[in-house]
Amino acid sequence: DLTIKAGKLLARLYTRSLQHDKARQTWQALLQTYAGDEDLYEELIELQLSEGLYEDALHTSEALLALTQDPYKRVMRQLRRGDIFLYSAKPKQALDSYSATLAWTQQGSWLEKQICAQIEEVFRREDDFVGLAKYWEELVQAHTQRVSLKKRRAAALLQAGETHEALGLYQEILKVTPGDKANQQAYIEALVKAGQLERAIELLEQLRQHNRRDRELLIQLASLHDQNNDPNSAGQALDAYLAQTEKSEYAYTRIARLLERYQCKDQALAVYRDLADSFAQSATAQEVYAQALYRHGQTTQALAIWDELAQNADLSFLLRLTQTLSRHGHQVLALQWLERRYDQFNQDIGYMRRLCDLALQCAAYNRASRWMSE
């Protein structure tokens with residue numbers, strides 16, 4: 001509609017020239033003429049926000065909310081109204097706006113999570129976890145059936161240093177939600193943050209007994225054992241994971257790297273060796289094994305594997321192998337491996353550049369000069 005376009009353009013010109021009264025009058029005339037056009041309200045709010053006219057934006061958003069019938073749009077527009085209050089340095093009104101939307105959402109929905117995240121952001125700006133815990137307490141009293149709010153209050157109490165009260169609240173949550181895996185895991189995480197690792201490990205073991213198919217619990221258990229300075233138990237948990245999972249390159253590599261992280265050197269090397277044996281035709285698996293051998297001081301064996309790979313590797317893999325060798329200080333060997341594939345790759349500019357670079361690093365100036373001139 002040309003009338004709408006002309007009116008919006010005129011209102012923007014008034015705004016940009018700081019004639020705000022005329023801009024308001026123009027927008028108001030448009031809104032009266034096209035009553036019920038929600039998109040028009042949305043455009044006006046965006047313009048007002050871009051110009052820093054927060055009070056005007058609040059008035060417009062209030063009018064838009066009065067028109068809104070769609071439940072989802074109503075929630076999102078109420079949340080944006082809270083954002084505008086926050087831009088206006090009115091945190092209390094922002095919180096009121098955010099919390100009002102809880103009555104329009106289902107427990108556990110992503111909208112509820114979004115609302116709660118925006119509430120927390122108000123307090124996190126000031127690192128006010130005590131205030132956040134108190135605010136959650138008020139909302140819990142107003143929404144007694146929302147367990148998610150109790151969990152957020154417990155988390156805030158923990159961050160505020162109120163460990164005993166936080167753990168007590170988690171225990172209350174578990175009593176009213178028996179068998180809820182997510183809540184049990186939240187309690188375990190709280191115990192870890194509170195430094196009660198032994199209790200956390202005990203509960204995670206119990207949780208695993210009731211969720212045998214969830215192999216990721218074994219990964220979590222290994223991490224807790226590591227934090228508790230018990231590498232043997234960490235290794236046992238990772239062994240159990242590998243025994244239960246499909247034997248893929250990813251699974252072997254993942255567990256081997258975790259074992260290394262948890263200082264289980266011999267066990268890690270054994271898993272890397274199983275990886276190489278199980279995927280003998282995989283160049284990637286062999287390279288991963290060679291890298292592990294090199295890290296753990298078995299240089300001769302690592303170089304032998306790399307040498308065999310270099311003899312048959314495609315160009316990109318070959319260049320990567322020689323970069324690995326160079327990084328470990330074996331430039332002369334890297335040069336030899338590249339040079340023996342000269343007849344095959346001498347027409348490739350990337351290969352020739354790398355060959356010349358290595359020759360210069362190894363002070364093989366005559367060869368470098370010859371190759372550069374070819």
# chains A, B, ... in the order shown; residues from 1 in each chain; ligands from 1
call {"tool": "residues_around", "arguments": {"residues": "segment 107-110 of chain A", "least_positions_apart": "6", "cutoff": "9 Å", "atoms": "only C-alpha atoms", "output": "list in words"}}
result
Gln145, Arg146, Val147 and Ser148 of chain A
call {"tool": "write_last_selection", "arguments": {"atoms": "all heavy atoms", "output": "PDB file, in the first residue's frame"}}
result
ATOM      1  N   GLN A 145       4.108 -25.902  41.434  1.00  0.00           N
ATOM      2  CA  GLN A 145       4.217 -27.166  40.704  1.00  0.00           C
ATOM      3  C   GLN A 145       5.371 -27.190  39.703  1.00  0.00           C
ATOM      4  O   GLN A 145       5.647 -28.222  39.104  1.00  0.00           O
ATOM      5  CB  GLN A 145       2.901 -27.432  39.951  1.00  0.00           C
ATOM      6  CG  GLN A 145       1.681 -27.522  40.848  1.00  0.00           C
ATOM      7  CD  GLN A 145       1.847 -28.590  41.918  1.00  0.00           C
ATOM      8  OE1 GLN A 145       2.216 -29.724  41.629  1.00  0.00           O
ATOM      9  NE2 GLN A 145       1.564 -28.228  43.165  1.00  0.00           N
ATOM     10  N   ARG A 146       6.038 -26.087  39.552  1.00  0.00           N
ATOM     11  CA  ARG A 146       7.130 -26.015  38.563  1.00  0.00           C
ATOM     12  C   ARG A 146       8.455 -26.448  39.207  1.00  0.00           C
ATOM     13  O   ARG A 146       9.147 -25.649  39.834  1.00  0.00           O
ATOM     14  CB  ARG A 146       7.244 -24.615  37.974  1.00  0.00           C
ATOM     15  CG  ARG A 146       6.090 -24.260  37.042  1.00  0.00           C
ATOM     16  CD  ARG A 146       6.326 -22.918  36.370  1.00  0.00           C
ATOM     17  NE  ARG A 146       5.205 -22.526  35.556  1.00  0.00           N
ATOM     18  CZ  ARG A 146       5.130 -22.691  34.236  1.00  0.00           C
ATOM     19  NH1 ARG A 146       6.140 -23.260  33.593  1.00  0.00           N
ATOM     20  NH2 ARG A 146       4.065 -22.302  33.563  1.00  0.00           N
ATOM     21  N   VAL A 147       8.788 -27.704  38.999  1.00  0.00           N
ATOM     22  CA  VAL A 147      10.027 -28.253  39.559  1.00  0.00           C
ATOM     23  C   VAL A 147      11.247 -27.562  38.953  1.00  0.00           C
ATOM     24  O   VAL A 147      12.275 -27.375  39.612  1.00  0.00           O
ATOM     25  CB  VAL A 147      10.102 -29.774  39.313  1.00  0.00           C
ATOM     26  CG1 VAL A 147      11.435 -30.341  39.789  1.00  0.00           C
ATOM     27  CG2 VAL A 147       8.951 -30.477  40.023  1.00  0.00           C
ATOM     28  N   SER A 148      11.136 -27.150  37.702  1.00  0.00           N
ATOM     29  CA  SER A 148      12.268 -26.510  37.035  1.00  0.00           C
ATOM     30  C   SER A 148      12.706 -25.239  37.751  1.00  0.00           C
ATOM     31  O   SER A 148      13.900 -24.917  37.785  1.00  0.00           O
ATOM     32  CB  SER A 148      11.911 -26.184  35.586  1.00  0.00           C
ATOM     33  OG  SER A 148      10.777 -25.340  35.533  1.00  0.00           O
TER      34      SER A 148
END
call {"tool": "residues_around", "arguments": {"residues": "Asp307 of chain A", "least_positions_apart": "5", "cutoff": "10 Å", "atoms": "only C-alpha atoms", "output": "compact mmCIF listing (two decimals) with all heavy atoms, in the first residue's frame"}}
result
# COMPACT_ATOMS: atom_id res chain seq x y z
N GLN A 301 59.27 -47.16 16.30
CA GLN A 301 58.06 -47.82 15.82
C GLN A 301 57.12 -46.84 15.12
O GLN A 301 56.51 -47.16 14.09
CB GLN A 301 57.33 -48.51 16.99
CG GLN A 301 56.21 -49.45 16.56
CD GLN A 301 55.61 -50.18 17.74
OE1 GLN A 301 56.12 -50.12 18.85
NE2 GLN A 301 54.50 -50.88 17.48
N ALA A 302 57.03 -45.62 15.68
CA ALA A 302 56.18 -44.60 15.07
C ALA A 302 56.68 -44.24 13.68
O ALA A 302 55.90 -44.15 12.72
CB ALA A 302 56.13 -43.36 15.96
N ASN A 312 52.66 -45.08 0.16
CA ASN A 312 51.45 -45.31 -0.64
C ASN A 312 50.40 -44.21 -0.49
O ASN A 312 49.32 -44.32 -1.07
CB ASN A 312 50.83 -46.65 -0.24
CG ASN A 312 51.79 -47.81 -0.44
OD1 ASN A 312 52.18 -48.10 -1.56
ND2 ASN A 312 52.16 -48.46 0.65
N ALA A 313 50.70 -43.19 0.30
CA ALA A 313 49.70 -42.16 0.57
C ALA A 313 49.40 -41.32 -0.66
O ALA A 313 50.26 -41.16 -1.55
CB ALA A 313 50.20 -41.25 1.70
N LEU A 321 51.78 -35.86 6.34
CA LEU A 321 52.75 -36.68 7.06
C LEU A 321 54.10 -35.97 7.17
O LEU A 321 54.74 -35.98 8.23
CB LEU A 321 52.93 -38.02 6.35
CG LEU A 321 51.85 -39.08 6.58
CD1 LEU A 321 52.14 -40.31 5.72
CD2 LEU A 321 51.77 -39.48 8.04
N THR A 322 54.54 -35.36 6.07
CA THR A 322 55.85 -34.69 6.11
C THR A 322 55.81 -33.45 7.00
O THR A 322 56.81 -33.10 7.63
CB THR A 322 56.30 -34.31 4.69
OG1 THR A 322 55.30 -33.50 4.05
CG2 THR A 322 56.54 -35.56 3.86
N LEU A 333 64.38 -36.65 7.06
CA LEU A 333 63.56 -37.82 6.74
C LEU A 333 62.36 -37.42 5.90
O LEU A 333 61.98 -38.11 4.94
CB LEU A 333 63.12 -38.50 8.03
CG LEU A 333 62.59 -39.93 7.94
CD1 LEU A 333 63.60 -40.84 7.26
CD2 LEU A 333 62.24 -40.44 9.33
N ALA A 334 61.73 -36.29 6.26
CA ALA A 334 60.58 -35.81 5.50
C ALA A 334 60.97 -35.53 4.05
O ALA A 334 60.23 -35.84 3.11
CB ALA A 334 60.02 -34.54 6.15
N TRP A 337 61.30 -38.82 2.13
CA TRP A 337 60.00 -39.41 1.81
C TRP A 337 59.31 -38.67 0.67
O TRP A 337 58.64 -39.29 -0.16
CB TRP A 337 59.10 -39.41 3.05
CG TRP A 337 59.56 -40.36 4.11
CD1 TRP A 337 60.65 -41.18 4.07
CD2 TRP A 337 58.94 -40.56 5.38
NE1 TRP A 337 60.75 -41.90 5.24
CE2 TRP A 337 59.72 -41.54 6.06
CE3 TRP A 337 57.84 -40.03 6.02
CZ2 TRP A 337 59.40 -41.99 7.35
CZ3 TRP A 337 57.51 -40.47 7.30
CH2 TRP A 337 58.29 -41.44 7.94
call {"tool": "residues_around", "arguments": {"residues": "Glu43 of chain A", "least_positions_apart": "6", "cutoff": "12 Å", "atoms": "only C-alpha atoms", "output": "ChimeraX atom specification"}}
result
/A:4-5,8-9,11-12,27,30-31,37,49-50,57,60-61,64
call {"tool": "write_last_selection", "arguments": {"atoms": "all heavy atoms", "output": "short mmCIF file (atom, residue, chain, number, x, y, z; two decimals), in the first residue's frame"}}
result
data_model
loop_
_atom_site.label_atom_id
_atom_site.label_comp_id
_atom_site.auth_asym_id
_atom_site.auth_seq_id
_atom_site.Cartn_x
_atom_site.Cartn_y
_atom_site.Cartn_z
N ILE A 4 0.77 3.52 3.17
CA ILE A 4 1.55 3.04 4.32
C ILE A 4 3.03 3.33 4.09
O ILE A 4 3.73 3.83 4.99
CB ILE A 4 1.32 1.53 4.54
CG1 ILE A 4 -0.12 1.26 4.97
CG2 ILE A 4 2.29 0.99 5.58
CD1 ILE A 4 -0.43 -0.20 5.20
N LYS A 5 3.54 3.00 2.88
CA LYS A 5 4.95 3.22 2.60
C LYS A 5 5.33 4.69 2.73
O LYS A 5 6.37 5.03 3.31
CB LYS A 5 5.28 2.73 1.20
CG LYS A 5 5.25 1.22 1.06
CD LYS A 5 5.63 0.80 -0.36
CE LYS A 5 5.61 -0.72 -0.51
NZ LYS A 5 5.95 -1.14 -1.89
N LYS A 8 5.28 5.70 6.48
CA LYS A 8 6.44 5.19 7.22
C LYS A 8 7.70 5.97 6.86
O LYS A 8 8.52 6.28 7.73
CB LYS A 8 6.62 3.70 6.95
CG LYS A 8 5.54 2.82 7.59
CD LYS A 8 5.89 1.35 7.57
CE LYS A 8 5.88 0.79 6.17
NZ LYS A 8 6.06 -0.70 6.19
N LEU A 9 7.85 6.26 5.58
CA LEU A 9 9.02 7.01 5.14
C LEU A 9 9.03 8.41 5.77
O LEU A 9 10.07 8.87 6.26
CB LEU A 9 9.02 7.12 3.62
CG LEU A 9 10.18 7.93 3.01
CD1 LEU A 9 11.52 7.31 3.40
CD2 LEU A 9 10.03 7.99 1.49
N ALA A 11 7.57 9.31 8.57
CA ALA A 11 7.81 9.19 10.01
C ALA A 11 9.30 8.97 10.29
O ALA A 11 9.86 9.54 11.24
CB ALA A 11 7.00 8.03 10.58
N ARG A 12 9.95 8.18 9.45
CA ARG A 12 11.39 7.95 9.64
C ARG A 12 12.19 9.22 9.41
O ARG A 12 13.16 9.50 10.13
CB ARG A 12 11.87 6.84 8.68
CG ARG A 12 11.39 5.45 9.06
CD ARG A 12 12.13 4.38 8.26
NE ARG A 12 11.74 3.05 8.67
CZ ARG A 12 10.78 2.33 8.09
NH1 ARG A 12 10.11 2.86 7.06
NH2 ARG A 12 10.49 1.13 8.54
N TRP A 27 3.07 8.29 12.93
CA TRP A 27 2.86 6.87 13.24
C TRP A 27 1.48 6.63 13.81
O TRP A 27 0.81 5.66 13.48
CB TRP A 27 3.93 6.38 14.23
CG TRP A 27 5.23 6.01 13.60
CD1 TRP A 27 6.42 6.68 13.69
CD2 TRP A 27 5.48 4.88 12.76
NE1 TRP A 27 7.39 6.04 12.96
CE2 TRP A 27 6.84 4.93 12.39
CE3 TRP A 27 4.69 3.83 12.28
CZ2 TRP A 27 7.44 3.96 11.57
CZ3 TRP A 27 5.28 2.87 11.47
CH2 TRP A 27 6.63 2.94 11.12
N LEU A 30 -1.05 6.52 11.18
CA LEU A 30 -0.99 5.26 10.45
C LEU A 30 -1.67 4.14 11.23
O LEU A 30 -2.44 3.34 10.69
CB LEU A 30 0.46 4.87 10.17
CG LEU A 30 1.17 5.60 9.02
CD1 LEU A 30 2.66 5.25 9.02
CD2 LEU A 30 0.54 5.22 7.68
N LEU A 31 -1.39 4.08 12.54
CA LEU A 31 -1.95 3.01 13.37
C LEU A 31 -3.47 3.14 13.50
O LEU A 31 -4.17 2.14 13.58
CB LEU A 31 -1.29 3.02 14.76
CG LEU A 31 0.22 2.67 14.78
CD1 LEU A 31 0.78 2.85 16.19
CD2 LEU A 31 0.43 1.23 14.31
N ASP A 37 -3.19 -3.83 12.31
CA ASP A 37 -2.03 -4.26 11.52
C ASP A 37 -0.84 -4.45 12.47
O ASP A 37 -0.11 -3.50 12.78
CB ASP A 37 -1.70 -3.20 10.46
CG ASP A 37 -0.63 -3.67 9.48
OD1 ASP A 37 0.17 -4.56 9.87
OD2 ASP A 37 -0.59 -3.17 8.35
N LEU A 49 13.39 1.41 18.89
CA LEU A 49 14.56 0.83 19.57
C LEU A 49 15.85 1.26 18.90
O LEU A 49 16.84 1.58 19.58
CB LEU A 49 14.45 -0.70 19.57
CG LEU A 49 13.37 -1.31 20.45
CD1 LEU A 49 13.32 -2.82 20.27
CD2 LEU A 49 13.60 -0.96 21.92
N SER A 50 15.86 1.28 17.57
CA SER A 50 17.08 1.67 16.86
C SER A 50 17.45 3.12 17.12
O SER A 50 18.63 3.49 17.06
CB SER A 50 16.90 1.44 15.35
OG SER A 50 15.93 2.33 14.81
N ALA A 57 8.91 3.00 22.72
CA ALA A 57 8.83 1.58 22.37
C ALA A 57 7.99 0.81 23.39
O ALA A 57 7.24 -0.10 23.03
CB ALA A 57 10.23 0.99 22.28
N THR A 60 4.35 1.49 22.66
CA THR A 60 3.93 0.78 21.45
C THR A 60 3.79 -0.72 21.72
O THR A 60 2.84 -1.36 21.25
CB THR A 60 4.94 1.01 20.32
OG1 THR A 60 5.14 2.41 20.14
CG2 THR A 60 4.43 0.42 19.01
N SER A 61 4.73 -1.28 22.48
CA SER A 61 4.67 -2.72 22.77
C SER A 61 3.45 -3.05 23.63
O SER A 61 2.85 -4.12 23.47
CB SER A 61 5.95 -3.18 23.47
OG SER A 61 6.06 -2.64 24.76
N LEU A 64 0.56 -3.15 21.30
CA LEU A 64 0.63 -4.35 20.47
C LEU A 64 0.20 -5.59 21.26
O LEU A 64 -0.52 -6.45 20.74
CB LEU A 64 2.05 -4.55 19.94
CG LEU A 64 2.31 -5.80 19.10
CD1 LEU A 64 1.37 -5.85 17.89
CD2 LEU A 64 3.76 -5.85 18.64
#
call {"tool": "atom_distance", "arguments": {"atom1": "atom CA of Arg212 of chain A", "atom2": "atom CA of Tyr241 of chain A"}}
result
10.6 Å
call {"tool": "select_by_dssp", "arguments": {"residues": "segment 82-203 of chain A", "states": "helix (DSSP H, G or I)", "output": "VMD selection string"}}
result
chain A and resid 82 to 87 91 to 104 110 to 124 129 to 142 147 to 159 163 to 176 181 to 193 197 to 203
call {"tool": "atom_distance", "arguments": {"atom1": "atom CA of Ile119 of chain A", "atom2": "atom CA of Tyr98 of chain A"}}
result
6.6 Å
call {"tool": "atom_distance", "arguments": {"atom1": "atom CA of Ala364 of chain A", "atom2": "atom CA of Arg327 of chain A"}}
result
18.7 Å
call {"tool": "residues_around", "arguments": {"residues": "Cys362 of chain A", "least_positions_apart": "6", "cutoff": "12 Å", "atoms": "only C-alpha atoms", "output": "compact mmCIF listing (two decimals) with all heavy atoms, in the first residue's frame"}}
result
# COMPACT_ATOMS: atom_id res chain seq x y z
N SER A 326 58.29 -32.85 10.13
CA SER A 326 59.02 -31.60 10.30
C SER A 326 58.75 -30.99 11.67
O SER A 326 59.65 -30.46 12.32
CB SER A 326 58.61 -30.60 9.20
OG SER A 326 58.98 -31.09 7.93
N GLY A 329 60.92 -32.36 14.14
CA GLY A 329 62.36 -32.18 13.94
C GLY A 329 63.01 -33.16 12.99
O GLY A 329 64.24 -33.28 12.97
N HIS A 330 62.24 -33.86 12.18
CA HIS A 330 62.78 -34.86 11.25
C HIS A 330 62.69 -34.34 9.80
O HIS A 330 62.14 -35.00 8.92
CB HIS A 330 62.03 -36.18 11.38
CG HIS A 330 62.10 -36.79 12.74
ND1 HIS A 330 63.23 -37.42 13.22
CD2 HIS A 330 61.18 -36.86 13.74
CE1 HIS A 330 63.01 -37.86 14.45
NE2 HIS A 330 61.78 -37.54 14.80
N GLN A 331 63.26 -33.17 9.56
CA GLN A 331 63.17 -32.58 8.23
C GLN A 331 63.89 -33.42 7.17
O GLN A 331 63.43 -33.54 6.03
CB GLN A 331 63.74 -31.16 8.24
CG GLN A 331 62.85 -30.13 8.92
CD GLN A 331 63.11 -30.05 10.42
OE1 GLN A 331 63.85 -30.86 10.96
NE2 GLN A 331 62.49 -29.07 11.08
N VAL A 332 65.04 -33.98 7.52
CA VAL A 332 65.80 -34.77 6.55
C VAL A 332 65.00 -35.99 6.11
O VAL A 332 64.92 -36.32 4.91
CB VAL A 332 67.16 -35.21 7.15
CG1 VAL A 332 67.87 -36.18 6.20
CG2 VAL A 332 68.04 -33.99 7.42
N LEU A 333 64.38 -36.65 7.06
CA LEU A 333 63.56 -37.82 6.74
C LEU A 333 62.36 -37.42 5.90
O LEU A 333 61.98 -38.11 4.94
CB LEU A 333 63.12 -38.50 8.03
CG LEU A 333 62.59 -39.93 7.94
CD1 LEU A 333 63.60 -40.84 7.26
CD2 LEU A 333 62.24 -40.44 9.33
N ALA A 334 61.73 -36.29 6.26
CA ALA A 334 60.58 -35.81 5.50
C ALA A 334 60.97 -35.53 4.05
O ALA A 334 60.23 -35.84 3.11
CB ALA A 334 60.02 -34.54 6.15
N LEU A 335 62.17 -34.95 3.87
CA LEU A 335 62.65 -34.67 2.52
C LEU A 335 62.84 -35.97 1.73
O LEU A 335 62.48 -36.07 0.56
CB LEU A 335 63.96 -33.89 2.59
CG LEU A 335 64.63 -33.57 1.24
CD1 LEU A 335 63.70 -32.74 0.36
CD2 LEU A 335 65.96 -32.84 1.46
N GLN A 336 63.40 -36.97 2.38
CA GLN A 336 63.61 -38.26 1.70
C GLN A 336 62.28 -38.87 1.26
O GLN A 336 62.17 -39.38 0.14
CB GLN A 336 64.33 -39.23 2.64
CG GLN A 336 65.78 -38.84 2.95
CD GLN A 336 66.39 -39.75 4.00
OE1 GLN A 336 65.78 -40.72 4.44
NE2 GLN A 336 67.62 -39.42 4.41
N LEU A 355 58.60 -29.53 -1.34
CA LEU A 355 59.88 -30.20 -1.57
C LEU A 355 61.02 -29.19 -1.51
O LEU A 355 62.06 -29.44 -0.86
CB LEU A 355 59.86 -30.89 -2.94
CG LEU A 355 61.06 -31.78 -3.30
CD1 LEU A 355 61.12 -32.98 -2.35
CD2 LEU A 355 60.95 -32.24 -4.75
N CYS A 356 60.86 -28.06 -2.15
CA CYS A 356 61.89 -27.02 -2.14
C CYS A 356 62.09 -26.43 -0.75
O CYS A 356 63.22 -26.18 -0.32
CB CYS A 356 61.55 -25.92 -3.15
SG CYS A 356 61.62 -26.47 -4.87
N ALA A 368 67.54 -27.97 -4.23
CA ALA A 368 66.49 -26.95 -4.18
C ALA A 368 66.54 -26.07 -5.41
O ALA A 368 65.51 -25.74 -6.02
CB ALA A 368 66.62 -26.09 -2.91
call {"tool": "residues_around", "arguments": {"residues": "segment 172-180 of chain A", "least_positions_apart": "4", "cutoff": "8 Å", "atoms": "only C-alpha atoms", "output": "ChimeraX atom specification"}}
result
/A:147,150-151,168,184
call {"tool": "residues_around", "arguments": {"residues": "segment 68-79 of chain A", "least_positions_apart": "6", "cutoff": "12 Å", "atoms": "only C-alpha atoms", "output": "MDAnalysis selection string"}}
result
chainID A and resid 36:39 41:42 45 57:58 60:62 85:86 93:106 110:112 114:119
call {"tool": "write_last_selection", "arguments": {"atoms": "N, CA and C atoms", "output": "short mmCIF file (atom, residue, chain, number, x, y, z; two decimals), in the first residue's frame"}}
result
data_model
loop_
_atom_site.label_atom_id
_atom_site.label_comp_id
_atom_site.auth_asym_id
_atom_site.auth_seq_id
_atom_site.Cartn_x
_atom_site.Cartn_y
_atom_site.Cartn_z
N GLY A 36 -5.18 -2.74 13.84
CA GLY A 36 -5.11 -4.19 13.77
C GLY A 36 -3.95 -4.71 12.95
N ASP A 37 -3.19 -3.83 12.31
CA ASP A 37 -2.03 -4.26 11.52
C ASP A 37 -0.84 -4.45 12.47
N GLU A 38 -0.64 -5.67 12.93
CA GLU A 38 0.38 -5.94 13.92
C GLU A 38 1.79 -5.73 13.36
N ASP A 39 1.97 -5.99 12.08
CA ASP A 39 3.29 -5.78 11.47
C ASP A 39 3.70 -4.31 11.54
N TYR A 41 2.91 -2.23 13.94
CA TYR A 41 3.39 -2.02 15.30
C TYR A 41 4.81 -2.55 15.47
N GLU A 42 5.06 -3.73 14.89
CA GLU A 42 6.38 -4.33 15.00
C GLU A 42 7.44 -3.43 14.38
N ILE A 45 8.12 -0.43 16.63
CA ILE A 45 8.94 -0.78 17.81
C ILE A 45 10.41 -0.90 17.42
N ALA A 57 8.91 3.00 22.72
CA ALA A 57 8.83 1.58 22.37
C ALA A 57 7.99 0.81 23.39
N LEU A 58 8.11 1.18 24.67
CA LEU A 58 7.31 0.52 25.71
C LEU A 58 5.82 0.78 25.51
N THR A 60 4.35 1.49 22.66
CA THR A 60 3.93 0.78 21.45
C THR A 60 3.79 -0.72 21.72
N SER A 61 4.73 -1.28 22.48
CA SER A 61 4.67 -2.72 22.77
C SER A 61 3.45 -3.05 23.63
N GLU A 62 3.09 -2.14 24.53
CA GLU A 62 1.89 -2.36 25.35
C GLU A 62 0.64 -2.40 24.48
N PHE A 85 12.51 -2.94 28.84
CA PHE A 85 12.69 -2.42 30.21
C PHE A 85 14.15 -2.51 30.62
N LEU A 86 14.80 -3.61 30.22
CA LEU A 86 16.19 -3.80 30.59
C LEU A 86 17.07 -2.77 29.88
N GLN A 93 11.08 -3.89 36.49
CA GLN A 93 9.99 -4.01 35.52
C GLN A 93 10.28 -5.10 34.50
N ALA A 94 11.58 -5.26 34.13
CA ALA A 94 11.96 -6.32 33.20
C ALA A 94 11.63 -7.68 33.81
N LEU A 95 11.99 -7.87 35.07
CA LEU A 95 11.71 -9.13 35.75
C LEU A 95 10.22 -9.40 35.83
N ASP A 96 9.45 -8.36 36.13
CA ASP A 96 7.99 -8.53 36.20
C ASP A 96 7.44 -8.95 34.85
N SER A 97 7.98 -8.36 33.80
CA SER A 97 7.51 -8.69 32.45
C SER A 97 7.87 -10.13 32.09
N TYR A 98 9.10 -10.53 32.39
CA TYR A 98 9.52 -11.90 32.09
C TYR A 98 8.70 -12.92 32.87
N SER A 99 8.59 -12.70 34.18
CA SER A 99 7.92 -13.70 35.02
C SER A 99 6.43 -13.81 34.71
N ALA A 100 5.83 -12.73 34.20
CA ALA A 100 4.41 -12.78 33.86
C ALA A 100 4.12 -13.81 32.77
N THR A 101 5.11 -14.06 31.93
CA THR A 101 4.89 -14.99 30.82
C THR A 101 4.87 -16.46 31.27
N LEU A 102 5.34 -16.74 32.48
CA LEU A 102 5.35 -18.12 32.96
C LEU A 102 3.94 -18.71 32.99
N ALA A 103 2.97 -17.86 33.31
CA ALA A 103 1.58 -18.33 33.39
C ALA A 103 1.05 -18.77 32.03
N TRP A 104 1.74 -18.38 30.95
CA TRP A 104 1.26 -18.69 29.60
C TRP A 104 2.03 -19.85 28.97
N THR A 105 2.95 -20.45 29.72
CA THR A 105 3.78 -21.51 29.14
C THR A 105 3.66 -22.80 29.95
N GLN A 106 3.96 -23.91 29.29
CA GLN A 106 3.93 -25.20 29.95
C GLN A 106 5.25 -25.46 30.67
N TRP A 110 10.45 -25.31 25.96
CA TRP A 110 11.61 -24.49 25.63
C TRP A 110 11.33 -23.01 25.90
N LEU A 111 10.05 -22.64 25.82
CA LEU A 111 9.70 -21.25 26.14
C LEU A 111 9.96 -20.95 27.61
N GLU A 112 9.62 -21.91 28.47
CA GLU A 112 9.89 -21.73 29.89
C GLU A 112 11.39 -21.56 30.12
N GLN A 114 13.55 -20.41 28.01
CA GLN A 114 13.94 -19.11 27.49
C GLN A 114 13.62 -18.01 28.50
N ILE A 115 12.43 -18.09 29.08
CA ILE A 115 12.02 -17.10 30.08
C ILE A 115 12.98 -17.11 31.27
N CYS A 116 13.29 -18.32 31.75
CA CYS A 116 14.17 -18.44 32.91
C CYS A 116 15.57 -17.93 32.59
N ALA A 117 16.04 -18.18 31.38
CA ALA A 117 17.36 -17.71 30.98
C ALA A 117 17.41 -16.18 30.98
N GLN A 118 16.33 -15.54 30.55
CA GLN A 118 16.32 -14.08 30.52
C GLN A 118 16.22 -13.50 31.93
N ILE A 119 15.50 -14.19 32.81
CA ILE A 119 15.46 -13.76 34.21
C ILE A 119 16.86 -13.84 34.82
#
call {"tool": "closest_residue", "arguments": {"among": "A:Thr33, A:Ser316, A:Ser17, A:Ser282", "to": "Ser248 of chain A", "atoms": "only C-alpha atoms"}}
result
A:Ser282
call {"tool": "residues_around", "arguments": {"residues": "Ile305 of chain A", "least_positions_apart": "4", "cutoff": "12 Å", "atoms": "only C-alpha atoms", "output": "list in words"}}
result
Ala276, Ala280, Ala283, Thr284, Ala285, Gln286, Glu287, Val288, Tyr289, Ala290, Gln291, Ala292, Leu293, Tyr294, Gln298, Thr299, Thr300, Gln301, Leu309, Ala310, Gln311, Asn312, Ala313 and Leu321 of chain A
call {"tool": "closest_atom_pairs", "arguments": {"of": "segment 181-296 of chain A", "to": "segment 153-166 of chain A", "cutoff": "10 Å", "atoms": "only C-alpha atoms", "output": "CSV"}}
result
residue,atom,partner,partner_atom,distance
A:Ala186,CA,A:Ala155,CA,8.9
A:Tyr187,CA,A:Ala154,CA,9.4
A:Glu189,CA,A:Ala155,CA,9.9
A:Ala190,CA,A:Leu158,CA,7.4
A:Leu191,CA,A:Thr163,CA,9.0
A:Lys193,CA,A:Leu158,CA,8.0
A:Ala194,CA,A:Thr163,CA,6.5
A:Gly195,CA,A:Thr163,CA,9.9
call {"tool": "closest_residue", "arguments": {"among": "A:Asp230, A:Glu120, A:Asp128, A:Glu202", "to": "Leu149 of chain A", "atoms": "only C-alpha atoms"}}
result
A:Glu120
call {"tool": "closest_residue", "arguments": {"among": "A:Ala133, A:Ala66, A:Leu242, A:Ala234", "to": "Arg261 of chain A", "atoms": "only C-alpha atoms"}}
result
A:Ala234
call {"tool": "decode", "arguments": {"residues": "segment 131-136 of chain A", "atoms": "N, CA and C atoms", "output": "mmCIF file, in the first residue's frame"}}
result
data_model
loop_
_atom_site.group_PDB
_atom_site.id
_atom_site.type_symbol
_atom_site.label_atom_id
_atom_site.label_comp_id
_atom_site.auth_asym_id
_atom_site.auth_seq_id
_atom_site.Cartn_x
_atom_site.Cartn_y
_atom_site.Cartn_z
ATOM 1 N N GLY A 131 20.706 -12.534 45.094
ATOM 2 C CA GLY A 131 19.441 -11.945 44.662
ATOM 3 C C GLY A 131 18.678 -12.868 43.736
ATOM 4 N N LEU A 132 19.403 -13.584 42.882
ATOM 5 C CA LEU A 132 18.764 -14.527 41.970
ATOM 6 C C LEU A 132 18.090 -15.654 42.742
ATOM 7 N N ALA A 133 18.778 -16.179 43.756
ATOM 8 C CA ALA A 133 18.194 -17.257 44.567
ATOM 9 C C ALA A 133 16.925 -16.782 45.269
ATOM 10 N N LYS A 134 16.956 -15.558 45.775
ATOM 11 C CA LYS A 134 15.768 -15.009 46.445
ATOM 12 C C LYS A 134 14.621 -14.820 45.458
ATOM 13 N N TYR A 135 14.948 -14.378 44.254
ATOM 14 C CA TYR A 135 13.888 -14.174 43.260
ATOM 15 C C TYR A 135 13.272 -15.499 42.851
ATOM 16 N N TRP A 136 14.132 -16.525 42.670
ATOM 17 C CA TRP A 136 13.579 -17.846 42.355
ATOM 18 C C TRP A 136 12.687 -18.346 43.482
#
